[in-house]
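What follows is a short report on a single structure.
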Amino acid sequence: MFDRLKTLFVVLMRIFRIRFDKSPINSVETLTEFLQTRSAYVAQTSLYGYLKTRMGRNYVSIFKDERFAPSLNRAKWIVYSACLSDLTVYAIARTAQSKPAGEAEKLAVHCHRSCVQQTFVGEVAEDLAPVSLDEFASRSERMLWANAGIAAQVFTKSPAALADSSPVSEEFKELDREIVMNSVRFRWNDVRDQLNRRLDGEAVWQDWQRIEAD
């Protein structure tokens, strides 16, 4: 009982810190931390919230089912990877406004790679990490960075990932698709607001220039 309460306390404190942190994002390190924590938060709350709603009262027993756990674990990392891709593109576009596209691409790949290296832990995650890196590098190369920071237009991978990867039946995937995708889009609104309030893009860019020069 004590261990469960302790775990719950840690989770609640983490959510509180994520939601109410107002410290400036003024370095590559603080930007990378923001990308990690907010991507994980959106991925977990979206995926677990949807499954809890769909499973109803049985969700506790189903979550403990050893046959279900591998599917849930894989889905978790796929959705997190997609969230990380979307948020990184948006954040770098906001950071690198009016900067050369090639430099913005390098910063984006650097931040994304740092996040993957720091967070993709475990057999499933480590198998998916190379795919995540390759897909993001390809996306960055094709990206029109001058337009990527406009509203919500780059948040395309995460809604589709949740709709396609959630461990539910194909019938439910089709039935719930639009609702599920909209739920992820809605969660990004607050994250974008947080980023835009806290981001000191010029300070992050100057820090990146120092890193590049070393």
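Chain lettering (A, B, ...) mirrors the order of the structure tokens, residue numbering begins at 1 for each chain separately, and ligand numbering begins at 1 in order of display.
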
Worksheet item: Using only C-alpha atoms, which residues sit within 12 Å of A:Asp193 once same-chain residues fewer than 5 positions away are excluded, as a PyMOL selection string?
Response: chain A and resi 19-20+22+38+90-91+94+151-152+186-188+198-199

Would you export the selected residues with N, CA, C and O atoms as a compact mmCIF listing (two decimals), in the first residue's frame, please?
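Result file is part.txt:
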# COMPACT_ATOMS: atom_id res chain seq x y z
N ARG A 19 2.89 20.82 -15.56
CA ARG A 19 1.79 21.72 -15.88
C ARG A 19 2.07 23.16 -15.47
O ARG A 19 1.67 24.09 -16.16
N PHE A 20 2.78 23.35 -14.36
CA PHE A 20 2.90 24.69 -13.80
C PHE A 20 4.32 25.26 -13.84
O PHE A 20 4.56 26.33 -13.31
N LYS A 22 7.11 27.43 -14.95
CA LYS A 22 7.13 28.68 -15.70
C LYS A 22 8.55 29.18 -15.95
O LYS A 22 8.73 30.31 -16.40
N ARG A 38 6.97 17.03 -22.27
CA ARG A 38 5.65 17.30 -22.84
C ARG A 38 5.24 16.24 -23.84
O ARG A 38 4.07 15.88 -23.92
N TYR A 90 7.75 21.82 -34.29
CA TYR A 90 7.11 23.08 -33.92
C TYR A 90 8.03 23.96 -33.08
O TYR A 90 8.18 25.16 -33.34
N ALA A 91 8.67 23.35 -32.08
CA ALA A 91 9.53 24.11 -31.16
C ALA A 91 10.74 24.70 -31.87
O ALA A 91 11.12 25.85 -31.62
N ARG A 94 9.72 27.65 -33.99
CA ARG A 94 9.52 28.84 -33.17
C ARG A 94 10.85 29.42 -32.71
O ARG A 94 11.01 30.64 -32.59
N ALA A 151 0.63 27.98 -36.10
CA ALA A 151 -0.52 27.27 -35.50
C ALA A 151 -0.21 25.79 -35.27
O ALA A 151 0.82 25.43 -34.73
N ALA A 152 -1.13 24.93 -35.69
CA ALA A 152 -1.03 23.51 -35.35
C ALA A 152 -0.76 22.63 -36.55
O ALA A 152 -0.90 21.41 -36.48
N PHE A 186 -6.27 18.41 -29.28
CA PHE A 186 -6.69 19.29 -28.19
C PHE A 186 -5.61 19.38 -27.12
O PHE A 186 -5.34 20.47 -26.58
N ARG A 187 -4.96 18.27 -26.79
CA ARG A 187 -3.93 18.28 -25.75
C ARG A 187 -2.73 19.14 -26.13
O ARG A 187 -2.04 19.67 -25.26
N TRP A 188 -2.47 19.29 -27.42
CA TRP A 188 -1.33 20.09 -27.84
C TRP A 188 -1.55 21.58 -27.62
O TRP A 188 -0.59 22.35 -27.57
N ARG A 198 7.15 30.61 -22.51
CA ARG A 198 8.43 30.42 -21.82
C ARG A 198 9.65 30.49 -22.73
O ARG A 198 10.77 30.68 -22.24
N LEU A 199 9.45 30.36 -24.02
CA LEU A 199 10.59 30.23 -24.94
C LEU A 199 11.30 31.57 -25.17
O LEU A 199 10.67 32.56 -25.54

Fill in: 10 Å contact set for A:Pro100, only C-alpha atoms, chain neighbours under 5 positions out, as an MDAnalysis selection string
chainID A and resid 105 145:146

Atoms to include: all heavy atoms. Write the selected residues as a PDB file, in the first residue's frame.
ATOM      1  N   GLU A 105      17.372  22.904 -39.361  1.00  0.00           N
ATOM      2  CA  GLU A 105      17.326  21.450 -39.504  1.00  0.00           C
ATOM      3  C   GLU A 105      18.363  20.771 -38.618  1.00  0.00           C
ATOM      4  O   GLU A 105      18.074  19.771 -37.947  1.00  0.00           O
ATOM      5  CB  GLU A 105      17.566  21.061 -40.962  1.00  0.00           C
ATOM      6  CG  GLU A 105      17.554  19.555 -41.204  1.00  0.00           C
ATOM      7  CD  GLU A 105      17.942  19.193 -42.624  1.00  0.00           C
ATOM      8  OE1 GLU A 105      17.878  20.072 -43.502  1.00  0.00           O
ATOM      9  OE2 GLU A 105      18.316  18.034 -42.844  1.00  0.00           O
ATOM     10  N   TRP A 145      10.761  25.123 -42.991  1.00  0.00           N
ATOM     11  CA  TRP A 145      10.900  25.620 -41.620  1.00  0.00           C
ATOM     12  C   TRP A 145      10.268  26.992 -41.432  1.00  0.00           C
ATOM     13  O   TRP A 145       9.832  27.333 -40.329  1.00  0.00           O
ATOM     14  CB  TRP A 145      12.375  25.631 -41.223  1.00  0.00           C
ATOM     15  CG  TRP A 145      12.897  24.249 -41.018  1.00  0.00           C
ATOM     16  CD1 TRP A 145      13.639  23.515 -41.886  1.00  0.00           C
ATOM     17  CD2 TRP A 145      12.656  23.408 -39.887  1.00  0.00           C
ATOM     18  NE1 TRP A 145      13.879  22.266 -41.369  1.00  0.00           N
ATOM     19  CE2 TRP A 145      13.299  22.168 -40.142  1.00  0.00           C
ATOM     20  CE3 TRP A 145      11.965  23.567 -38.683  1.00  0.00           C
ATOM     21  CZ2 TRP A 145      13.269  21.115 -39.241  1.00  0.00           C
ATOM     22  CZ3 TRP A 145      11.927  22.532 -37.781  1.00  0.00           C
ATOM     23  CH2 TRP A 145      12.570  21.312 -38.060  1.00  0.00           C
ATOM     24  N   ALA A 146      10.192  27.780 -42.483  1.00  0.00           N
ATOM     25  CA  ALA A 146       9.603  29.111 -42.352  1.00  0.00           C
ATOM     26  C   ALA A 146       8.115  29.047 -42.004  1.00  0.00           C
ATOM     27  O   ALA A 146       7.569  29.973 -41.401  1.00  0.00           O
ATOM     28  CB  ALA A 146       9.797  29.896 -43.645  1.00  0.00           C
TER      29      ALA A 146
END

Worksheet item: Could you state the separation of atom CA of A:Gln194 and atom CA of A:Cys111 in Å, given to one decimal place?
Response: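 Those two atoms sit 18.3 Å apart.
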
Worksheet item: With distances taken over only C-alpha atoms, which of A:Phe34, A:Trp77, A:Phe68, A:Phe136 is nearest to A:Asp21?
Response: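 Looking at the shortest contact to A:Asp21, the residue is A:Phe34.
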
Worksheet entry | alpha helix (DSSP H) positions in stretch 48-140 of chain A, given as a ChimeraX atom specification | /A:48-55,59-64,69-95,101-119,123-140

Worksheet entry | Non-local contacts of A:Pro70 (12 Å; only C-alpha atoms; under 4 positions in same chain excluded) as a list of chain:residue names | A:Phe63, A:Lys64, A:Asp65, A:Glu66, A:Arg74, A:Ala75, A:Lys76, A:Trp77, A:Gly122, A:Glu123, A:Val124, A:Ala125, A:Ser166, A:Pro167

Item to complete: Rank nothing, just name the residue among A:Ala203, A:Val121, A:Cys83, A:Ala69 nearest to A:Val42, using only C-alpha atoms.
Response: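 For A:Val42, the nearest of the given residues is A:Cys83.
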
Discussion item. So that I can check the surroundings of A:Asn147, please list as a PyMOL selection string every protein, DNA and RNA residue that reaches within 12 Å of it, counting only C-alpha atoms and ignoring chain neighbours fewer than 3 positions away.
Written reply: chain A and resi 89-90+92-94+96-98+101+143-144+150-154

Output the selection as a PDB file, in the first residue's frame - N, CA and C atoms for each residue.
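What follows is the written file result30.pdb:
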ATOM      1  N   VAL A  89       9.525  19.617 -34.228  1.00  0.00           N
ATOM      2  CA  VAL A  89       9.402  20.459 -35.419  1.00  0.00           C
ATOM      3  C   VAL A  89       8.823  21.822 -35.049  1.00  0.00           C
ATOM      4  N   TYR A  90       7.750  21.820 -34.290  1.00  0.00           N
ATOM      5  CA  TYR A  90       7.109  23.084 -33.924  1.00  0.00           C
ATOM      6  C   TYR A  90       8.035  23.955 -33.080  1.00  0.00           C
ATOM      7  N   ILE A  92      11.337  23.943 -32.759  1.00  0.00           N
ATOM      8  CA  ILE A  92      12.506  24.460 -33.477  1.00  0.00           C
ATOM      9  C   ILE A  92      12.095  25.552 -34.450  1.00  0.00           C
ATOM     10  N   ALA A  93      10.953  25.400 -35.086  1.00  0.00           N
ATOM     11  CA  ALA A  93      10.469  26.443 -35.977  1.00  0.00           C
ATOM     12  C   ALA A  93      10.240  27.745 -35.215  1.00  0.00           C
ATOM     13  N   ARG A  94       9.717  27.649 -33.993  1.00  0.00           N
ATOM     14  CA  ARG A  94       9.516  28.845 -33.169  1.00  0.00           C
ATOM     15  C   ARG A  94      10.852  29.422 -32.706  1.00  0.00           C
ATOM     16  N   ALA A  96      13.834  29.080 -34.269  1.00  0.00           N
ATOM     17  CA  ALA A  96      14.717  29.486 -35.371  1.00  0.00           C
ATOM     18  C   ALA A  96      14.019  30.360 -36.399  1.00  0.00           C
ATOM     19  N   GLN A  97      13.052  31.162 -35.957  1.00  0.00           N
ATOM     20  CA  GLN A  97      12.373  32.062 -36.889  1.00  0.00           C
ATOM     21  C   GLN A  97      13.377  32.999 -37.566  1.00  0.00           C
ATOM     22  N   SER A  98      13.277  33.085 -38.863  1.00  0.00           N
ATOM     23  CA  SER A  98      14.138  33.929 -39.702  1.00  0.00           C
ATOM     24  C   SER A  98      15.586  33.443 -39.768  1.00  0.00           C
ATOM     25  N   ALA A 101      17.392  27.830 -42.997  1.00  0.00           N
ATOM     26  CA  ALA A 101      16.690  26.556 -42.893  1.00  0.00           C
ATOM     27  C   ALA A 101      17.638  25.405 -42.574  1.00  0.00           C
ATOM     28  N   MET A 143      11.225  19.544 -44.486  1.00  0.00           N
ATOM     29  CA  MET A 143      10.402  20.548 -43.818  1.00  0.00           C
ATOM     30  C   MET A 143      10.611  21.957 -44.362  1.00  0.00           C
ATOM     31  N   LEU A 144       9.522  22.687 -44.527  1.00  0.00           N
ATOM     32  CA  LEU A 144       9.579  24.109 -44.834  1.00  0.00           C
ATOM     33  C   LEU A 144       9.590  24.849 -43.499  1.00  0.00           C
ATOM     34  N   ILE A 150       3.647  27.805 -37.609  1.00  0.00           N
ATOM     35  CA  ILE A 150       2.339  28.436 -37.724  1.00  0.00           C
ATOM     36  C   ILE A 150       1.268  27.516 -37.154  1.00  0.00           C
ATOM     37  N   ALA A 151       0.627  27.975 -36.098  1.00  0.00           N
ATOM     38  CA  ALA A 151      -0.519  27.271 -35.503  1.00  0.00           C
ATOM     39  C   ALA A 151      -0.213  25.789 -35.272  1.00  0.00           C
ATOM     40  N   ALA A 152      -1.134  24.929 -35.692  1.00  0.00           N
ATOM     41  CA  ALA A 152      -1.026  23.508 -35.349  1.00  0.00           C
ATOM     42  C   ALA A 152      -0.758  22.629 -36.552  1.00  0.00           C
ATOM     43  N   GLN A 153      -0.336  23.204 -37.657  1.00  0.00           N
ATOM     44  CA  GLN A 153      -0.301  22.443 -38.898  1.00  0.00           C
ATOM     45  C   GLN A 153       0.729  21.319 -38.927  1.00  0.00           C
ATOM     46  N   VAL A 154       1.752  21.367 -38.071  1.00  0.00           N
ATOM     47  CA  VAL A 154       2.760  20.306 -38.103  1.00  0.00           C
ATOM     48  C   VAL A 154       2.435  19.154 -37.158  1.00  0.00           C
TER      49      VAL A 154
END

Worksheet item: Residues at most 12 Å from A:Asp134, counting only C-alpha atoms, excluding those fewer than 3 positions away in the same chain, as a PyMOL selection string?
Response: chain A and resi 81+85+109+112-113+116+128-131+137-141

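Distance-wise, atom CA of A:Thr53 and atom CA of A:Arg67 end up 19.8 Å apart.
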
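When only C-alpha atoms are used to measure the gap to A:Tyr48, the shortest distance among A:Leu35, A:Asn73, A:Arg192, A:Arg210 belongs to A:Asn73.
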
Worksheet item: Quick one, how far is atom CA of A:Glu171 from atom CA of A:Arg185?
Response: 22.1 Å

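The shortest atom-to-atom distance to A:Leu162, with only C-alpha atoms taken into account, belongs to A:Gln44 out of A:Ser132, A:Gln44, A:Gln117, A:Asn189.
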
Worksheet item: Smallest atom-to-atom distance to A:Leu133: which of A:Leu87, A:Lys157, A:Ser169, A:Ala82, using only C-alpha atoms?
Response: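 Once distances to A:Leu133 are computed over only C-alpha atoms, the minimum belongs to A:Ala82.
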
Item to complete: Counting only C-alpha atoms, figure out which residue out of A:Leu31, A:Leu84, A:Val168, A:Ser23 gets nearest to A:Trp208.
Response: A:Leu31
